[in-house]
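Next up, target.cif (mmCIF, C-alpha atoms):
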data_entry
#
loop_
_atom_site.group_PDB
_atom_site.id
_atom_site.type_symbol
_atom_site.label_atom_id
_atom_site.label_comp_id
_atom_site.auth_asym_id
_atom_site.auth_seq_id
_atom_site.Cartn_x
_atom_site.Cartn_y
_atom_site.Cartn_z
ATOM 1 C CA MET A 568 0.000 0.000 0.000
ATOM 2 C CA PRO A 569 1.470 3.346 -0.957
ATOM 3 C CA ARG A 570 2.160 5.887 1.766
ATOM 4 C CA LEU A 571 0.929 9.445 1.377
ATOM 5 C CA GLY A 572 3.919 11.094 3.066
ATOM 6 C CA ALA A 573 7.522 10.307 3.724
ATOM 7 C CA GLY A 574 8.575 7.102 5.425
ATOM 8 C CA ARG A 575 8.033 3.400 5.074
ATOM 9 C CA PRO A 576 5.038 2.236 3.035
ATOM 10 C CA ARG A 577 2.114 0.754 4.927
ATOM 11 C CA THR A 578 2.160 -3.005 5.127
ATOM 12 C CA ARG A 579 -1.216 -3.598 6.804
ATOM 13 C CA LEU A 580 -4.503 -3.325 4.997
ATOM 14 C CA SER A 581 -7.219 -1.088 6.355
ATOM 15 C CA HIS A 582 -10.162 -3.065 4.940
ATOM 16 C CA VAL A 583 -10.703 -6.562 3.480
ATOM 17 C CA ILE A 584 -13.573 -7.598 1.224
ATOM 18 C CA GLY A 585 -13.891 -11.372 0.963
ATOM 19 C CA ASP A 586 -16.345 -14.007 -0.194
ATOM 20 C CA LYS A 587 -18.121 -16.602 1.942
ATOM 21 C CA GLY A 588 -15.023 -18.798 1.992
ATOM 22 C CA TYR A 589 -13.424 -16.313 4.413
ATOM 23 C CA SER A 590 -16.426 -16.360 6.742
ATOM 24 C CA PRO A 591 -15.242 -18.680 9.592
ATOM 25 C CA LYS A 592 -15.055 -17.172 13.052
ATOM 26 C CA ALA A 593 -11.299 -17.749 13.275
ATOM 27 C CA ILE A 594 -10.622 -15.528 10.255
ATOM 28 C CA ARG A 595 -12.946 -12.794 11.506
ATOM 29 C CA THR A 596 -11.281 -12.920 14.941
ATOM 30 C CA TRP A 597 -7.814 -12.737 13.371
ATOM 31 C CA LEU A 598 -8.851 -9.641 11.396
ATOM 32 C CA ARG A 599 -10.417 -7.996 14.469
ATOM 33 C CA GLN A 600 -7.277 -8.573 16.566
ATOM 34 C CA ARG A 601 -5.265 -6.687 13.982
ATOM 35 C CA ASN A 602 -7.818 -3.836 13.685
ATOM 36 C CA ILE A 603 -8.561 -4.663 10.046
ATOM 37 C CA ALA A 604 -12.130 -3.860 9.020
ATOM 38 C CA HIS A 605 -13.806 -6.525 6.901
ATOM 39 C CA THR A 606 -16.855 -7.053 4.731
ATOM 40 C CA ILE A 607 -17.515 -10.787 4.492
ATOM 41 C CA PRO A 608 -20.981 -12.328 4.056
ATOM 42 C CA GLU A 609 -22.057 -15.071 6.433
ATOM 43 C CA ARG A 610 -22.541 -18.595 5.119
ATOM 44 C CA ALA A 611 -26.037 -20.060 5.331
ATOM 45 C CA ASP A 612 -24.990 -22.787 7.776
ATOM 46 C CA GLN A 613 -23.375 -20.210 10.066
ATOM 47 C CA ILE A 614 -26.562 -18.126 10.059
ATOM 48 C CA ALA A 615 -28.663 -21.183 10.894
ATOM 49 C CA ASN A 616 -26.268 -22.225 13.676
ATOM 50 C CA ARG A 617 -26.260 -18.730 15.176
ATOM 51 C CA LEU A 618 -30.069 -18.564 15.094
ATOM 52 C CA ARG A 619 -30.372 -22.057 16.562
ATOM 53 C CA ARG A 620 -28.264 -21.042 19.558
ATOM 54 C CA GLY A 621 -30.554 -18.090 20.287
ATOM 55 C CA ARG A 622 -29.174 -15.314 22.459
ATOM 56 C CA SER A 623 -25.922 -17.162 23.059
ATOM 57 C CA GLY A 624 -25.311 -17.249 19.314
ATOM 58 C CA GLY A 625 -24.361 -13.583 19.329
ATOM 59 C CA ARG A 626 -25.323 -10.850 16.956
ATOM 60 C CA PRO A 627 -24.771 -11.094 13.229
ATOM 61 C CA PRO A 628 -21.550 -9.547 11.932
ATOM 62 C CA SER A 629 -21.870 -6.196 10.198
ATOM 63 C CA PHE A 630 -22.118 -6.335 6.433
ATOM 64 C CA ASP A 631 -22.101 -3.437 3.970
ATOM 65 C CA ASN A 632 -23.912 -4.538 0.834
ATOM 66 C CA GLN A 633 -22.814 -1.531 -1.267
ATOM 67 C CA LEU A 634 -19.161 -2.027 -0.393
ATOM 68 C CA TYR A 635 -19.374 -5.746 -1.167
ATOM 69 C CA LYS A 636 -20.631 -4.991 -4.685
ATOM 70 C CA ARG A 637 -17.270 -3.366 -5.466
ATOM 71 C CA ARG A 638 -15.612 -6.782 -5.073
ATOM 72 C CA ASN A 639 -17.180 -7.809 -8.379
ATOM 73 C CA VAL A 640 -14.903 -5.422 -10.289
ATOM 74 C CA VAL A 641 -11.793 -7.146 -8.950
ATOM 75 C CA GLU A 642 -13.188 -10.625 -9.657
ATOM 76 C CA ARG A 643 -13.992 -9.682 -13.251
ATOM 77 C CA CYS A 644 -10.479 -8.272 -13.702
ATOM 78 C CA PHE A 645 -8.946 -11.548 -12.490
ATOM 79 C CA ASN A 646 -11.244 -13.433 -14.844
ATOM 80 C CA ARG A 647 -10.137 -11.342 -17.811
ATOM 81 C CA LEU A 648 -6.458 -11.767 -16.889
ATOM 82 C CA LYS A 649 -6.861 -15.545 -16.603
ATOM 83 C CA GLN A 650 -7.980 -15.638 -20.236
ATOM 84 C CA TRP A 651 -4.353 -15.025 -21.147
ATOM 85 C CA ARG A 652 -2.840 -18.489 -21.263
ATOM 86 C CA GLY A 653 0.630 -17.408 -20.213
ATOM 87 C CA ILE A 654 -0.721 -15.706 -17.112
ATOM 88 C CA ALA A 655 -3.147 -18.480 -16.183
ATOM 89 C CA THR A 656 -0.456 -21.188 -16.333
ATOM 90 C CA ARG A 657 2.419 -18.898 -15.304
ATOM 91 C CA TYR A 658 4.873 -19.712 -18.068
ATOM 92 C CA GLU A 659 7.384 -17.133 -16.841
ATOM 93 C CA LYS A 660 9.797 -18.423 -14.231
ATOM 94 C CA THR A 661 10.844 -15.173 -12.589
ATOM 95 C CA ALA A 662 8.548 -12.849 -10.702
ATOM 96 C CA ALA A 663 9.734 -9.841 -12.728
ATOM 97 C CA CYS A 664 8.809 -11.482 -16.040
ATOM 98 C CA TYR A 665 5.439 -12.605 -14.679
ATOM 99 C CA GLN A 666 4.706 -9.098 -13.401
ATOM 100 C CA ALA A 667 5.645 -7.699 -16.812
ATOM 101 C CA ALA A 668 3.224 -10.109 -18.492
ATOM 102 C CA VAL A 669 0.416 -9.113 -16.120
ATOM 103 C CA THR A 670 1.192 -5.428 -16.722
ATOM 104 C CA LEU A 671 1.188 -5.915 -20.480
ATOM 105 C CA ALA A 672 -2.110 -7.818 -20.380
ATOM 106 C CA SER A 673 -3.630 -5.153 -18.147
ATOM 107 C CA LEU A 674 -2.545 -2.387 -20.486
ATOM 108 C CA LEU A 675 -3.971 -4.208 -23.507
ATOM 109 C CA MET A 676 -7.263 -4.766 -21.656
ATOM 110 C CA TRP A 677 -7.387 -1.093 -20.666
ATOM 111 C CA VAL A 678 -6.793 0.167 -24.214
#
Encoding of this model in structure tokens:
Amino acid sequence: MPRLGAGRPRTRLSHVIGDKGYSPKAIRTWLRQRNIAHTIPERADQIANRLRRGRSGGRPPSFDNQLYKRRNVVERCFNRLKQWRGIATRYEKTAACYQAAVTLASLLMWV
């Protein structure tokens, strides 16, 4: 993450948007301990379990529907990048060459 002023760049995210695969309590607890805000929908079985437990199940985690919709843009970008065979199978051996291929594909998609 780029830093706005002088000094070391930030290495901790301020917010995470994830799909239902990142919904377990352990992941949410890990994010909370590190003061990282998150927008992750609850899985149907977790909702049912929480409701079954009643008051001891706790309250539902906060979820911002409008913010979660922005995740779709990133997913579509990954999908478009994976259509490039060299990127999907990672033909390049070095990280610099792979990053160059992703940059080139991104530029061609943008133009």
Explicit residues for the PyMOL selection byres ((chain A and resi 626-631) around 9) (as a ChimeraX atom specification): /A:605-609,614,617,622-625,632-636
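Note that the spacing between CA of Ile654 (chain A) and CA of Val669 (chain A) amounts to 6.8 Å.
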Among listed residues A:Leu671, A:Met676, A:Ala604, A:Val583, nearest Arg637 (chain A) (using only C-alpha atoms):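 Checking each candidate against Arg637 (chain A), we get A:Val583 as the closest.
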Nearest residue to Gly653 (chain A) from the set A:Leu571, A:Ala611, A:Ala593, A:Ala668 (distances using all atoms listed in the file):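 Nearest to Gly653 (chain A): A:Ala668.
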Non-local contacts of region 644-649 of chain A (10 Å; all atoms listed in the file; under 2 positions in same chain excluded) as number ranges by chain: A: 639-642, 651-657, 668-670, 672-673, 676
Distance query 9 Å from (-4.3, -1.0, 6.3) using all atoms listed in the file, result as a list in words: Met568, Arg577, Thr578, Arg579, Leu580, Ser581, His582, Val583, Asn602, Ile603 and Ala604 of chain A
Å distance separating CA of Pro576 (chain A) from CA of Arg638 (chain A), one decimal place: 23.9 Å
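The space between CA of Tyr589 (chain A) and CA of Gln613 (chain A) spans 12.1 Å.
Residue nearest Asp612 (chain A) within the list A:Cys664, A:Gln600, A:Trp677, A:Ser590: A:Ser590 [criterion: smallest interatomic distance, all atoms listed in the file].
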Please return the centre and edge lengths, in Å to one decimal, of a box with edges along x, y and z that contains all listed atoms of region 607-621 of chain A, widened by 6 Å on every side, as lines of an AutoDock Vina configuration file.
center_x = -24.0
center_y = -16.8
center_z = 12.2
size_x = 25.0
size_y = 24.0
size_z = 28.2
Any chance you could model all heavy atoms for region 593-604 of chain A and send them as a PDB file, keeping the file's coordinate frame?
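Saved as part21.pdb:
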ATOM      1  N   ALA A 593     -12.738 -17.912  13.041  1.00  0.00           N
ATOM      2  CA  ALA A 593     -11.299 -17.749  13.275  1.00  0.00           C
ATOM      3  C   ALA A 593     -10.710 -16.647  12.399  1.00  0.00           C
ATOM      4  O   ALA A 593      -9.867 -15.862  12.860  1.00  0.00           O
ATOM      5  CB  ALA A 593     -10.580 -19.072  13.012  1.00  0.00           C
ATOM      6  N   ILE A 594     -11.139 -16.560  11.158  1.00  0.00           N
ATOM      7  CA  ILE A 594     -10.622 -15.528  10.255  1.00  0.00           C
ATOM      8  C   ILE A 594     -11.119 -14.158  10.687  1.00  0.00           C
ATOM      9  O   ILE A 594     -10.366 -13.181  10.715  1.00  0.00           O
ATOM     10  CB  ILE A 594     -11.020 -15.838   8.797  1.00  0.00           C
ATOM     11  CG1 ILE A 594     -10.314 -17.102   8.342  1.00  0.00           C
ATOM     12  CG2 ILE A 594     -10.687 -14.663   7.884  1.00  0.00           C
ATOM     13  CD1 ILE A 594     -10.701 -17.576   6.969  1.00  0.00           C
ATOM     14  N   ARG A 595     -12.399 -14.075  11.041  1.00  0.00           N
ATOM     15  CA  ARG A 595     -12.946 -12.794  11.506  1.00  0.00           C
ATOM     16  C   ARG A 595     -12.245 -12.337  12.787  1.00  0.00           C
ATOM     17  O   ARG A 595     -11.922 -11.162  12.946  1.00  0.00           O
ATOM     18  CB  ARG A 595     -14.440 -12.926  11.757  1.00  0.00           C
ATOM     19  CG  ARG A 595     -15.250 -13.094  10.503  1.00  0.00           C
ATOM     20  CD  ARG A 595     -16.720 -13.277  10.874  1.00  0.00           C
ATOM     21  NE  ARG A 595     -17.525 -13.613   9.736  1.00  0.00           N
ATOM     22  CZ  ARG A 595     -18.084 -12.727   8.922  1.00  0.00           C
ATOM     23  NH1 ARG A 595     -17.923 -11.448   9.145  1.00  0.00           N
ATOM     24  NH2 ARG A 595     -18.804 -13.127   7.905  1.00  0.00           N
ATOM     25  N   THR A 596     -11.978 -13.258  13.693  1.00  0.00           N
ATOM     26  CA  THR A 596     -11.281 -12.920  14.941  1.00  0.00           C
ATOM     27  C   THR A 596      -9.868 -12.446  14.652  1.00  0.00           C
ATOM     28  O   THR A 596      -9.398 -11.458  15.238  1.00  0.00           O
ATOM     29  CB  THR A 596     -11.249 -14.145  15.876  1.00  0.00           C
ATOM     30  OG1 THR A 596     -12.585 -14.600  16.084  1.00  0.00           O
ATOM     31  CG2 THR A 596     -10.613 -13.814  17.196  1.00  0.00           C
ATOM     32  N   TRP A 597      -9.180 -13.119  13.743  1.00  0.00           N
ATOM     33  CA  TRP A 597      -7.814 -12.737  13.371  1.00  0.00           C
ATOM     34  C   TRP A 597      -7.792 -11.315  12.812  1.00  0.00           C
ATOM     35  O   TRP A 597      -6.917 -10.519  13.142  1.00  0.00           O
ATOM     36  CB  TRP A 597      -7.280 -13.737  12.344  1.00  0.00           C
ATOM     37  CG  TRP A 597      -5.838 -13.560  12.005  1.00  0.00           C
ATOM     38  CD1 TRP A 597      -4.765 -14.078  12.657  1.00  0.00           C
ATOM     39  CD2 TRP A 597      -5.316 -12.808  10.905  1.00  0.00           C
ATOM     40  NE1 TRP A 597      -3.613 -13.700  12.034  1.00  0.00           N
ATOM     41  CE2 TRP A 597      -3.919 -12.913  10.956  1.00  0.00           C
ATOM     42  CE3 TRP A 597      -5.892 -12.064   9.896  1.00  0.00           C
ATOM     43  CZ2 TRP A 597      -3.089 -12.295  10.039  1.00  0.00           C
ATOM     44  CZ3 TRP A 597      -5.058 -11.439   8.975  1.00  0.00           C
ATOM     45  CH2 TRP A 597      -3.681 -11.568   9.053  1.00  0.00           C
ATOM     46  N   LEU A 598      -8.780 -10.987  11.965  1.00  0.00           N
ATOM     47  CA  LEU A 598      -8.851  -9.641  11.396  1.00  0.00           C
ATOM     48  C   LEU A 598      -9.155  -8.602  12.478  1.00  0.00           C
ATOM     49  O   LEU A 598      -8.579  -7.512  12.486  1.00  0.00           O
ATOM     50  CB  LEU A 598      -9.911  -9.588  10.296  1.00  0.00           C
ATOM     51  CG  LEU A 598      -9.574 -10.345   9.005  1.00  0.00           C
ATOM     52  CD1 LEU A 598     -10.789 -10.431   8.108  1.00  0.00           C
ATOM     53  CD2 LEU A 598      -8.416  -9.695   8.286  1.00  0.00           C
ATOM     54  N   ARG A 599     -10.062  -8.932  13.400  1.00  0.00           N
ATOM     55  CA  ARG A 599     -10.417  -7.996  14.469  1.00  0.00           C
ATOM     56  C   ARG A 599      -9.227  -7.727  15.391  1.00  0.00           C
ATOM     57  O   ARG A 599      -9.023  -6.586  15.825  1.00  0.00           O
ATOM     58  CB  ARG A 599     -11.578  -8.550  15.286  1.00  0.00           C
ATOM     59  CG  ARG A 599     -12.895  -8.061  14.798  1.00  0.00           C
ATOM     60  CD  ARG A 599     -14.015  -8.412  15.759  1.00  0.00           C
ATOM     61  NE  ARG A 599     -15.135  -8.880  14.962  1.00  0.00           N
ATOM     62  CZ  ARG A 599     -15.522 -10.137  14.859  1.00  0.00           C
ATOM     63  NH1 ARG A 599     -14.914 -11.068  15.539  1.00  0.00           N
ATOM     64  NH2 ARG A 599     -16.528 -10.478  14.094  1.00  0.00           N
ATOM     65  N   GLN A 600      -8.441  -8.745  15.685  1.00  0.00           N
ATOM     66  CA  GLN A 600      -7.277  -8.573  16.566  1.00  0.00           C
ATOM     67  C   GLN A 600      -6.256  -7.622  15.954  1.00  0.00           C
ATOM     68  O   GLN A 600      -5.524  -6.959  16.672  1.00  0.00           O
ATOM     69  CB  GLN A 600      -6.619  -9.917  16.847  1.00  0.00           C
ATOM     70  CG  GLN A 600      -7.410 -10.796  17.770  1.00  0.00           C
ATOM     71  CD  GLN A 600      -6.811 -12.185  17.901  1.00  0.00           C
ATOM     72  OE1 GLN A 600      -5.905 -12.553  17.148  1.00  0.00           O
ATOM     73  NE2 GLN A 600      -7.320 -12.956  18.844  1.00  0.00           N
ATOM     74  N   ARG A 601      -6.222  -7.555  14.661  1.00  0.00           N
ATOM     75  CA  ARG A 601      -5.265  -6.687  13.982  1.00  0.00           C
ATOM     76  C   ARG A 601      -5.888  -5.371  13.523  1.00  0.00           C
ATOM     77  O   ARG A 601      -5.289  -4.638  12.743  1.00  0.00           O
ATOM     78  CB  ARG A 601      -4.666  -7.428  12.791  1.00  0.00           C
ATOM     79  CG  ARG A 601      -3.672  -8.461  13.256  1.00  0.00           C
ATOM     80  CD  ARG A 601      -3.509  -9.586  12.286  1.00  0.00           C
ATOM     81  NE  ARG A 601      -2.601 -10.592  12.799  1.00  0.00           N
ATOM     82  CZ  ARG A 601      -2.923 -11.501  13.703  1.00  0.00           C
ATOM     83  NH1 ARG A 601      -4.130 -11.547  14.200  1.00  0.00           N
ATOM     84  NH2 ARG A 601      -2.052 -12.388  14.125  1.00  0.00           N
ATOM     85  N   ASN A 602      -7.105  -5.080  14.001  1.00  0.00           N
ATOM     86  CA  ASN A 602      -7.818  -3.836  13.685  1.00  0.00           C
ATOM     87  C   ASN A 602      -7.988  -3.633  12.181  1.00  0.00           C
ATOM     88  O   ASN A 602      -7.809  -2.538  11.659  1.00  0.00           O
ATOM     89  CB  ASN A 602      -7.126  -2.623  14.300  1.00  0.00           C
ATOM     90  CG  ASN A 602      -7.180  -2.659  15.795  1.00  0.00           C
ATOM     91  OD1 ASN A 602      -8.140  -3.152  16.380  1.00  0.00           O
ATOM     92  ND2 ASN A 602      -6.139  -2.163  16.440  1.00  0.00           N
ATOM     93  N   ILE A 603      -8.306  -4.724  11.479  1.00  0.00           N
ATOM     94  CA  ILE A 603      -8.561  -4.663  10.046  1.00  0.00           C
ATOM     95  C   ILE A 603     -10.065  -4.820   9.847  1.00  0.00           C
ATOM     96  O   ILE A 603     -10.645  -5.836  10.219  1.00  0.00           O
ATOM     97  CB  ILE A 603      -7.803  -5.767   9.288  1.00  0.00           C
ATOM     98  CG1 ILE A 603      -6.293  -5.612   9.504  1.00  0.00           C
ATOM     99  CG2 ILE A 603      -8.145  -5.730   7.805  1.00  0.00           C
ATOM    100  CD1 ILE A 603      -5.478  -6.750   8.940  1.00  0.00           C
ATOM    101  N   ALA A 604     -10.692  -3.786   9.290  1.00  0.00           N
ATOM    102  CA  ALA A 604     -12.130  -3.860   9.020  1.00  0.00           C
ATOM    103  C   ALA A 604     -12.371  -4.874   7.911  1.00  0.00           C
ATOM    104  O   ALA A 604     -11.522  -5.075   7.036  1.00  0.00           O
ATOM    105  CB  ALA A 604     -12.643  -2.492   8.609  1.00  0.00           C
TER     106      ALA A 604
END
